[in-house]
$ cat input10.csv   # CSV, C-alpha atoms (C1' of nucleotides)
chain,number,residue,atom,x,y,z
N,1,MET,CA,0.0,0.0,0.0
N,2,ALA,CA,1.1,3.5,-0.7
N,3,LYS,CA,2.8,5.3,2.1
N,4,ASN,CA,1.4,8.5,3.3
N,5,LEU,CA,3.8,11.3,2.2
N,6,ARG,CA,3.1,13.2,5.4
N,7,THR,CA,4.6,10.5,7.6
N,8,GLU,CA,7.2,9.7,5.1
N,9,ILE,CA,8.8,13.1,5.4
N,10,ALA,CA,8.1,13.3,9.1
N,11,GLN,CA,6.4,16.6,8.8
N,12,THR,CA,4.0,17.4,11.5
N,13,ARG,CA,2.2,20.1,9.7
N,14,PRO,CA,-0.6,18.9,7.4
N,15,PHE,CA,-0.7,19.8,3.8
N,16,ALA,CA,-2.5,23.0,3.1
N,17,SER,CA,-4.2,21.4,0.1
N,18,ARG,CA,-4.3,18.3,-2.0
N,19,GLN,CA,-2.7,20.3,-4.7
N,20,GLN,CA,0.3,21.0,-2.5
N,21,GLU,CA,0.5,17.4,-1.6
N,22,ALA,CA,0.5,16.5,-5.3
N,23,HIS,CA,3.1,19.1,-5.9
N,24,LEU,CA,5.4,17.8,-3.2
N,25,SER,CA,4.7,14.3,-4.3
N,26,ILE,CA,6.0,15.0,-7.7
N,27,MET,CA,9.1,16.9,-6.4
N,28,ARG,CA,9.9,14.1,-4.0
N,29,THR,CA,9.6,11.3,-6.5
N,30,ALA,CA,11.7,13.2,-9.0
N,31,ALA,CA,14.4,13.8,-6.5
N,32,ALA,CA,14.5,10.1,-5.6
N,33,LEU,CA,14.5,9.1,-9.3
N,34,ASP,CA,17.3,11.6,-10.1
N,35,HIS,CA,19.3,10.2,-7.2
N,36,ALA,CA,18.9,6.7,-8.4
N,37,VAL,CA,19.8,7.6,-12.0
N,38,SER,CA,22.8,9.6,-10.8
N,39,GLU,CA,24.1,6.6,-8.8
N,40,ALA,CA,23.6,4.3,-11.8
N,41,LEU,CA,25.4,6.6,-14.1
N,42,LYS,CA,28.3,7.3,-11.8
N,43,PRO,CA,30.4,4.3,-12.8
N,44,TYR,CA,30.3,5.6,-16.4
N,45,GLY,CA,31.4,9.1,-15.4
N,46,VAL,CA,28.4,11.0,-16.7
N,47,THR,CA,25.8,13.0,-14.8
N,48,PRO,CA,22.1,12.8,-15.5
N,49,ALA,CA,22.2,16.1,-17.4
N,50,GLN,CA,25.1,14.8,-19.6
N,51,TYR,CA,23.2,11.6,-20.3
N,52,ASN,CA,20.2,13.7,-21.2
N,53,ILE,CA,22.3,15.7,-23.7
N,54,LEU,CA,23.8,12.5,-25.1
N,55,ARG,CA,20.3,11.1,-25.8
N,56,ILE,CA,19.2,14.5,-27.3
N,57,LEU,CA,22.2,14.5,-29.7
N,58,ARG,CA,21.8,10.9,-30.6
N,59,GLY,CA,18.2,11.7,-31.5
N,60,ALA,CA,19.4,14.6,-33.6
N,61,GLY,CA,21.7,12.4,-35.7
N,62,ASP,CA,24.3,13.6,-38.1
N,63,GLU,CA,22.9,17.1,-38.4
N,64,GLY,CA,23.5,17.8,-34.8
N,65,LEU,CA,22.1,20.7,-32.9
N,66,CYS,CA,23.2,24.2,-32.0
N,67,ARG,CA,23.7,25.1,-28.3
N,68,ASN,CA,20.4,26.7,-27.7
N,69,ALA,CA,18.5,23.9,-29.4
N,70,VAL,CA,20.2,21.4,-27.0
N,71,ARG,CA,19.4,23.6,-24.0
N,72,ASP,CA,15.7,23.9,-25.0
N,73,ARG,CA,15.4,20.1,-25.3
N,74,MET,CA,16.9,19.4,-21.9
N,75,VAL,CA,14.7,18.1,-19.1
N,76,ALA,CA,16.2,20.6,-16.7
N,77,LYS,CA,17.2,23.7,-18.7
N,78,VAL,CA,20.7,24.7,-17.5
N,79,PRO,CA,21.6,28.3,-18.4
N,80,ASP,CA,25.3,27.3,-18.8
N,81,THR,CA,25.0,24.8,-21.6
N,82,THR,CA,28.2,26.2,-23.2
N,83,ARG,CA,30.5,25.0,-20.4
N,84,MET,CA,28.6,21.8,-20.0
N,85,LEU,CA,29.2,21.0,-23.7
N,86,ASP,CA,32.8,22.2,-23.2
N,87,ARG,CA,33.3,19.5,-20.6
N,88,MET,CA,31.6,16.8,-22.7
N,89,GLU,CA,33.8,17.8,-25.7
N,90,ALA,CA,36.9,17.5,-23.5
N,91,ALA,CA,35.7,14.1,-22.5
N,92,GLY,CA,35.4,13.1,-26.1
N,93,LEU,CA,31.6,12.6,-26.0
N,94,VAL,CA,30.6,15.3,-28.4
N,95,GLU,CA,32.2,17.3,-31.3
N,96,ARG,CA,31.6,20.9,-32.3
N,97,SER,CA,32.0,22.8,-35.5
N,98,ARG,CA,31.0,26.2,-36.6
N,99,ASP,CA,28.3,26.5,-39.2
N,100,GLU,CA,29.8,27.8,-42.5
N,101,ASN,CA,26.5,29.3,-43.7
N,102,ASP,CA,25.7,31.2,-40.6
N,103,ARG,CA,28.9,31.6,-38.6
N,104,ARG,CA,27.0,32.4,-35.4
N,105,PHE,CA,25.9,28.8,-35.1
N,106,VAL,CA,28.1,26.2,-33.5
N,107,THR,CA,26.7,22.8,-34.3
N,108,THR,CA,27.2,20.1,-31.7
N,109,ARG,CA,27.1,16.4,-32.7
N,110,ILE,CA,27.5,13.2,-30.7
N,111,SER,CA,30.9,11.5,-31.2
N,112,ASP,CA,31.5,7.8,-31.9
N,113,GLU,CA,32.6,7.5,-28.3
N,114,GLY,CA,29.5,9.3,-27.2
N,115,LEU,CA,27.3,7.0,-29.3
N,116,ARG,CA,29.1,3.9,-27.9
N,117,LEU,CA,28.6,5.1,-24.3
N,118,THR,CA,25.0,6.0,-24.9
N,119,ALA,CA,24.3,2.6,-26.4
N,120,GLU,CA,26.1,0.9,-23.5
N,121,LEU,CA,23.7,2.8,-21.2
N,122,ASP,CA,20.5,1.9,-23.0
N,123,GLU,CA,20.1,-1.4,-21.2
N,124,PRO,CA,20.8,-0.4,-17.6
N,125,MET,CA,18.7,2.7,-17.9
N,126,GLU,CA,15.8,0.7,-19.3
N,127,ALA,CA,16.3,-1.8,-16.5
N,128,LEU,CA,16.2,1.1,-14.0
N,129,ALA,CA,12.9,2.4,-15.4
N,130,HIS,CA,11.5,-1.1,-15.2
N,131,LYS,CA,12.6,-1.4,-11.6
N,132,HIS,CA,10.9,1.9,-10.7
N,133,ALA,CA,7.7,1.7,-12.7
N,134,GLY,CA,7.5,-2.0,-13.7
N,135,HIS,CA,5.0,-2.8,-11.0
N,136,LEU,CA,2.5,-0.4,-12.4
N,137,THR,CA,0.0,-1.6,-15.0
N,138,LYS,CA,0.0,-0.3,-18.4
N,139,SER,CA,-3.2,1.7,-17.8
N,140,GLU,CA,-1.8,3.1,-14.5
N,141,LEU,CA,1.3,4.3,-16.4
N,142,THR,CA,-0.8,5.9,-19.1
N,143,MET,CA,-2.9,7.6,-16.4
N,144,LEU,CA,0.2,8.9,-14.6
N,145,ILE,CA,1.7,10.2,-17.9
N,146,ASP,CA,-1.5,11.9,-18.8
N,147,LEU,CA,-2.0,13.5,-15.4
N,148,LEU,CA,1.6,14.9,-15.4
N,149,ALA,CA,1.1,16.2,-19.0
N,150,ARG,CA,-1.9,18.1,-17.9
N,151,ILE,CA,0.0,19.7,-15.1
N,152,ARG,CA,2.8,20.7,-17.5
N,153,GLU,CA,0.1,22.2,-19.8
N,154,VAL,CA,-0.4,25.2,-17.4
N,155,LEU,CA,3.3,25.7,-16.7
B,1,MET,CA,-5.8,17.4,-24.3
B,2,ALA,CA,-2.5,16.2,-23.0
B,3,LYS,CA,0.5,16.9,-25.2
B,4,ASN,CA,2.7,14.1,-26.3
B,5,LEU,CA,5.9,14.3,-24.4
B,6,ARG,CA,7.8,13.1,-27.4
B,7,THR,CA,6.9,16.1,-29.5
B,8,GLU,CA,7.1,18.4,-26.6
B,9,ILE,CA,10.8,17.8,-26.1
B,10,ALA,CA,11.3,17.5,-29.8
B,11,GLN,CA,13.1,14.2,-29.5
B,12,THR,CA,12.9,12.1,-32.7
B,13,ARG,CA,13.8,8.9,-31.0
B,14,PRO,CA,10.8,7.1,-29.5
B,15,PHE,CA,10.7,6.0,-25.9
B,16,ALA,CA,12.2,2.6,-25.3
B,17,SER,CA,9.3,1.8,-22.9
B,18,ARG,CA,6.3,3.3,-21.3
B,19,GLN,CA,8.2,3.1,-18.0
B,20,GLN,CA,10.8,5.4,-19.4
B,21,GLU,CA,8.2,7.7,-20.7
B,22,ALA,CA,6.7,7.9,-17.2
B,23,HIS,CA,10.1,8.4,-15.7
B,24,LEU,CA,10.9,11.3,-18.1
B,25,SER,CA,7.4,12.7,-17.5
B,26,ILE,CA,8.0,12.9,-13.8
B,27,MET,CA,11.4,14.5,-14.2
B,28,ARG,CA,10.2,17.0,-16.7
B,29,THR,CA,7.2,18.0,-14.7
B,30,ALA,CA,9.3,18.4,-11.5
B,31,ALA,CA,11.8,20.5,-13.3
B,32,ALA,CA,9.1,22.8,-14.6
B,33,LEU,CA,7.5,23.0,-11.2
B,34,ASP,CA,10.8,23.7,-9.5
B,35,HIS,CA,11.5,26.5,-12.0
B,36,ALA,CA,8.1,28.0,-11.3
B,37,VAL,CA,8.6,27.9,-7.5
B,38,SER,CA,12.1,29.2,-7.9
B,39,GLU,CA,10.8,32.2,-9.8
B,40,ALA,CA,8.0,32.8,-7.3
B,41,LEU,CA,10.4,32.7,-4.4
B,42,LYS,CA,13.0,34.9,-6.0
B,43,PRO,CA,11.5,38.2,-4.9
B,44,TYR,CA,11.7,37.0,-1.3
B,45,GLY,CA,15.3,36.1,-1.5
B,46,VAL,CA,14.9,32.4,-0.8
B,47,THR,CA,15.6,29.3,-2.9
B,48,PRO,CA,13.2,26.3,-3.1
B,49,ALA,CA,15.6,24.3,-0.8
B,50,GLN,CA,15.6,27.1,1.8
B,51,TYR,CA,11.8,27.4,1.7
B,52,ASN,CA,11.7,23.6,2.2
B,53,ILE,CA,13.9,24.0,5.3
B,54,LEU,CA,11.8,26.8,6.6
B,55,ARG,CA,8.6,24.7,6.4
B,56,ILE,CA,10.4,21.8,8.0
B,57,LEU,CA,11.5,23.9,10.9
B,58,ARG,CA,8.2,25.6,11.3
B,59,GLY,CA,6.7,22.1,11.5
B,60,ALA,CA,9.2,21.2,14.1
B,61,GLY,CA,8.2,24.1,16.4
B,62,ASP,CA,10.1,25.3,19.4
B,63,GLU,CA,12.0,22.1,19.9
B,64,GLY,CA,13.8,22.6,16.6
B,65,LEU,CA,15.7,19.9,14.8
B,66,CYS,CA,19.4,18.9,14.6
B,67,ARG,CA,21.2,19.2,11.3
B,68,ASN,CA,20.8,15.6,10.1
B,69,ALA,CA,17.1,15.5,11.0
B,70,VAL,CA,16.6,18.6,8.8
B,71,ARG,CA,18.6,17.0,6.0
B,72,ASP,CA,16.6,13.7,6.2
B,73,ARG,CA,13.3,15.6,5.9
B,74,MET,CA,14.3,17.6,2.8
B,75,VAL,CA,12.7,16.9,-0.5
B,76,ALA,CA,16.1,16.9,-2.2
B,77,LYS,CA,18.7,15.8,0.3
B,78,VAL,CA,21.7,18.1,0.1
B,79,PRO,CA,24.9,16.7,1.6
B,80,ASP,CA,26.0,20.1,2.7
B,81,THR,CA,23.2,21.1,5.0
B,82,THR,CA,25.7,22.7,7.4
B,83,ARG,CA,26.6,25.6,5.1
B,84,MET,CA,23.0,25.9,3.8
B,85,LEU,CA,22.0,26.5,7.4
B,86,ASP,CA,25.0,28.8,7.8
B,87,ARG,CA,23.6,31.0,5.1
B,88,MET,CA,20.1,30.9,6.5
B,89,GLU,CA,21.4,31.8,9.9
B,90,ALA,CA,23.4,34.7,8.4
B,91,ALA,CA,20.1,35.8,6.8
B,92,GLY,CA,18.4,35.7,10.1
B,93,LEU,CA,16.0,33.0,9.1
B,94,VAL,CA,17.1,30.4,11.6
B,95,GLU,CA,18.9,30.2,15.0
B,96,ARG,CA,21.2,27.6,16.3
B,97,SER,CA,22.2,26.5,19.7
B,98,ARG,CA,24.2,23.6,21.0
B,99,ASP,CA,22.3,21.0,23.0
B,100,GLU,CA,23.4,21.1,26.7
B,101,ASN,CA,22.6,17.5,27.4
B,102,ASP,CA,24.5,16.0,24.4
B,103,ARG,CA,27.0,18.6,23.2
B,104,ARG,CA,27.3,16.8,19.8
B,105,PHE,CA,23.9,18.1,18.8
B,106,VAL,CA,23.3,21.5,17.3
B,107,THR,CA,19.6,22.3,17.4
B,108,THR,CA,18.3,24.6,14.7
B,109,ARG,CA,15.1,26.5,15.1
B,110,ILE,CA,13.2,28.9,12.9
B,111,SER,CA,13.5,32.5,13.9
B,112,ASP,CA,10.8,35.1,14.3
B,113,GLU,CA,11.9,36.6,11.0
B,114,GLY,CA,11.8,33.1,9.4
B,115,LEU,CA,8.3,32.5,10.7
B,116,ARG,CA,7.2,35.8,9.4
B,117,LEU,CA,8.6,35.1,6.0
B,118,THR,CA,7.2,31.6,5.8
B,119,ALA,CA,3.8,32.9,6.8
B,120,GLU,CA,4.0,35.5,4.1
B,121,LEU,CA,4.8,32.8,1.6
B,122,ASP,CA,1.9,30.5,2.5
B,123,GLU,CA,-0.6,32.2,0.4
B,124,PRO,CA,1.4,32.7,-2.9
B,125,MET,CA,2.7,29.1,-2.6
B,126,GLU,CA,-0.8,27.8,-2.1
B,127,ALA,CA,-2.0,29.9,-5.1
B,128,LEU,CA,0.8,28.4,-7.2
B,129,ALA,CA,-0.1,24.9,-6.3
B,130,HIS,CA,-3.7,25.7,-7.3
B,131,LYS,CA,-2.6,27.2,-10.5
B,132,HIS,CA,-0.6,24.0,-11.4
B,133,ALA,CA,-3.0,21.4,-10.2
B,134,GLY,CA,-6.3,23.1,-9.6
B,135,HIS,CA,-7.7,21.9,-12.9
B,136,LEU,CA,-7.4,18.3,-11.8
B,137,THR,CA,-10.3,16.7,-10.0
B,138,LYS,CA,-10.0,15.5,-6.4
B,139,SER,CA,-10.0,11.9,-7.5
B,140,GLU,CA,-7.4,12.6,-10.2
B,141,LEU,CA,-5.1,14.2,-7.6
B,142,THR,CA,-5.6,11.3,-5.3
B,143,MET,CA,-4.7,8.9,-8.1
B,144,LEU,CA,-1.6,10.9,-9.0
B,145,ILE,CA,-0.4,11.1,-5.4
B,146,ASP,CA,-1.0,7.3,-5.0
B,147,LEU,CA,0.8,6.4,-8.2
B,148,LEU,CA,3.8,8.5,-7.3
B,149,ALA,CA,3.9,7.0,-3.8
B,150,ARG,CA,3.9,3.5,-5.3
B,151,ILE,CA,7.0,4.5,-7.4
B,152,ARG,CA,8.8,5.9,-4.4
B,153,GLU,CA,8.1,2.6,-2.6
B,154,VAL,CA,10.7,0.8,-4.7
B,155,LEU,CA,13.3,3.5,-4.5
V,1,DT,C1',25.8,52.0,-46.8
V,2,DG,C1',25.7,52.6,-42.1
V,3,DA,C1',23.3,52.7,-37.7
V,4,DC,C1',20.6,49.6,-34.9
V,5,DA,C1',18.2,45.6,-33.4
V,6,DT,C1',18.3,40.5,-33.3
V,7,DT,C1',20.2,36.1,-32.7
V,8,DG,C1',23.7,32.8,-31.2
V,9,DT,C1',27.4,32.2,-28.4
V,10,DG,C1',31.1,32.8,-25.0
V,11,DT,C1',33.2,34.7,-20.5
V,12,DG,C1',34.0,36.6,-15.6
V,13,DT,C1',32.5,36.5,-11.2
V,14,DT,C1',30.2,34.9,-7.4
V,15,DA,C1',27.9,31.7,-4.9
V,16,DC,C1',26.8,27.1,-4.2
V,17,DA,C1',27.2,21.9,-4.3
V,18,DA,C1',29.7,17.4,-3.9
V,19,DC,C1',33.1,14.7,-2.0
V,20,DA,C1',36.4,13.2,1.2
V,21,DC,C1',38.3,14.0,5.4
V,22,DC,C1',38.6,15.7,10.1
V,23,DT,C1',37.1,16.9,15.1
V,24,DA,C1',34.3,16.6,19.2
V,25,DT,C1',31.2,14.1,22.1
V,26,DC,C1',29.1,10.2,23.7
V,27,DT,C1',28.4,5.0,24.4
V,28,DT,C1',29.9,0.4,25.2
V,29,DC,C1',32.3,-3.1,26.9
V,30,DC,C1',36.4,-5.2,28.6
A,1,DG,C1',38.6,3.8,33.8
A,2,DG,C1',40.2,3.6,29.3
A,3,DA,C1',40.3,2.0,24.4
A,4,DA,C1',37.2,1.2,20.4
A,5,DG,C1',33.4,2.4,18.0
A,6,DA,C1',29.4,5.1,16.9
A,7,DT,C1',27.2,9.4,16.2
A,8,DA,C1',26.8,14.5,15.2
A,9,DG,C1',28.9,18.1,13.2
A,10,DG,C1',32.2,20.9,10.6
A,11,DT,C1',36.0,22.1,7.1
A,12,DG,C1',39.0,22.2,2.7
A,13,DT,C1',39.1,21.6,-1.9
A,14,DT,C1',37.4,21.1,-6.4
A,15,DG,C1',34.1,21.4,-9.6
A,16,DT,C1',29.8,23.2,-11.2
A,17,DA,C1',25.8,26.5,-11.6
A,18,DA,C1',23.7,31.1,-11.8
A,19,DC,C1',23.7,35.7,-13.3
A,20,DA,C1',25.0,39.5,-15.8
A,21,DC,C1',27.4,41.1,-19.3
A,22,DA,C1',30.2,41.2,-23.6
A,23,DC,C1',31.2,39.7,-28.2
A,24,DA,C1',30.4,38.2,-33.1
A,25,DA,C1',27.5,37.4,-37.1
A,26,DT,C1',23.4,38.4,-39.4
A,27,DG,C1',19.1,40.9,-40.6
A,28,DT,C1',16.6,45.4,-41.2
A,29,DC,C1',15.6,49.7,-42.6
A,30,DA,C1',16.3,54.7,-43.2
$ encode --input "input10.csv" --output "structure tokens"
Amino acid sequence: MAKNLRTEIAQTRPFASRQQEAHLSIMRTAAALDHAVSEALKPYGVTPAQYNILRILRGAGDEGLCRNAVRDRMVAKVPDTTRMLDRMEAAGLVERSRDENDRRFVTTRISDEGLRLTAELDEPMEALAHKHAGHLTKSELTMLIDLLARIREVL
Amino acid sequence: MAKNLRTEIAQTRPFASRQQEAHLSIMRTAAALDHAVSEALKPYGVTPAQYNILRILRGAGDEGLCRNAVRDRMVAKVPDTTRMLDRMEAAGLVERSRDENDRRFVTTRISDEGLRLTAELDEPMEALAHKHAGHLTKSELTMLIDLLARIREVL
DNA sequence: TGACATTGTGTGTTACAACACCTATCTTCC
DNA sequence: GGAAGATAGGTGTTGTAACACACAATGTCA
């Protein structure tokens, strides 16, 4: 049975509203998931944000994406994507080249090493998702996804 | 109608599984909520983590809590709670005193100024939660809260 | 064409977070 | 009563994030 969040976080004060309880519920679950992913990625030397970028760039393919396009696609928008990509370039995970048509753009592409690492991570990450949500039925997952999408609609 | 997360984050690659879609859904919603809260708190000079601590300490009352108890109750556990409390003490939001019975403990309590600020924030924060989740029915909120709790169970 | 806004990117500075390590106090058990 | 371990807290260092600002390339319009 689902634990009561109020006892779980040992807060004596009751929630002001069910909306706030939902809000906290989301934040708390996300923090726990992020921690789990962070731990799983640690042996591979990448952070959740870097893994996010790798998947974005893999999805973009050979054409790559410019810095702001990467930033806009990230789960958690970091305002300092430049230096984040700097570090990933230094780690050999991505490659950058200035667009010859419009020299303002710097296109970032995933490198072979980045592709290899991302592929290596596919299975453990899928296993993790299964571990965390595998005990929910298909319709429960659909409902969860839909409810969260409806919250994002007004954000 | 709920937007499709795949198009929303402009990722061409489909989700490997519904579990991963749920996972990303949670992370993305939490990031957006955190951003909204962060913006709402900015005029008051506190971060979401500091607000979290203020509510924890208000809930604890006059007895206060020791550092590790505060950390364990936080939504996102920061390993550096000491310096976070240092800053809040410097800002006059909390007070600290060493326990006379067991001198290892340093009890932290919310200050009058902290109480005042937290009370001032109650209304806007409740309004924010309503804005984000107010369009969901009571049973939808309950379902969302329960589903998230079931995910946290295995974390 | 030349001033000016727009768009994309990078940098400098300050504050914060993460990690490992260290100190102080208390408990236990011989 | 004294060593060993457990518990609570703090510090030093390194890396990272946030914020404002500056720079470079392009587009716009008098």
$ closest_atom_pairs --input "input10.csv" --of "chain N" --to "chain B" --cutoff "6 Å" --atoms "only C-alpha atoms" --output "CSV"
residue,atom,partner,partner_atom,distance
N:Ala2,CA,B:Arg150,CA,5.4
N:Ile9,CA,B:Arg73,CA,5.2
N:Thr12,CA,B:Gly59,CA,5.4
N:Arg13,CA,B:Gly59,CA,5.2
N:Gln19,CA,B:Ala129,CA,5.5
N:Gln20,CA,B:Ala129,CA,5.5
N:Ala22,CA,B:Ile145,CA,5.5
N:Met27,CA,B:Ala30,CA,5.3
N:Arg28,CA,B:Val75,CA,5.3
N:Thr29,CA,B:Arg152,CA,5.8
N:Ala30,CA,B:Met27,CA,5.4
N:Ala31,CA,B:Ala76,CA,5.6
N:Gly59,CA,B:Arg13,CA,5.2
N:Arg73,CA,B:Ile9,CA,5.2
N:Val75,CA,B:Arg28,CA,5.2
N:Ala76,CA,B:Ala31,CA,5.6
N:Ala129,CA,B:Gln19,CA,5.4
N:His132,CA,B:Ile151,CA,5.7
N:Ala133,CA,B:Gln19,CA,5.5
N:Ile145,CA,B:Ala22,CA,5.5
N:Ala149,CA,B:Ala2,CA,5.4
N:Arg150,CA,B:Ala2,CA,5.5
N:Ile151,CA,B:His132,CA,5.7
N:Arg152,CA,B:Thr29,CA,5.9
$ interface_residues --input "input10.csv" --of "chain A" --to "chain N" --cutoff "8 Å" --atoms "all atoms listed in the file" --output "count of residues only"
5
$ interface_residues --input "input10.csv" --of "chain V" --to "chain N" --cutoff "10 Å" --atoms "only C-alpha atoms (C1' of nucleotides)" --output "list in words"
DT7, DG8, DT9 and DG10 of chain V
$ write_last_selection --input "input10.csv" --atoms "C-alpha atoms (C1' of nucleotides)" --output "PDB file, in the frame of the given file"
ATOM      1  C1'  DT V   7      20.200  36.100 -32.700  1.00  0.00           C
ATOM      2  C1'  DG V   8      23.700  32.800 -31.200  1.00  0.00           C
ATOM      3  C1'  DT V   9      27.400  32.200 -28.400  1.00  0.00           C
ATOM      4  C1'  DG V  10      31.100  32.800 -25.000  1.00  0.00           C
TER       5       DG V  10
END
$ atom_distance --input "input10.csv" --atom1 "atom CA of Gln50 of chain B" --atom2 "atom CA of Leu85 of chain B"
8.5 Å
$ atom_distance --input "input10.csv" --atom1 "atom C1' of DT14 of chain V" --atom2 "atom CA of Tyr51 of chain B"
21.9 Å
$ residues_around --input "input10.csv" --residues "segment 86-92 of chain B" --least-positions-apart "4" --cutoff "12 Å" --atoms "all atoms listed in the file" --output "ChimeraX atom specification"
/B:44-47,49-54,57,67,80-82,96-97,108-117 /V:15-16 /A:10
$ atom_distance --input "input10.csv" --atom1 "atom CA of Leu41 of chain N" --atom2 "atom CA of Pro124 of chain N"
9.1 Å
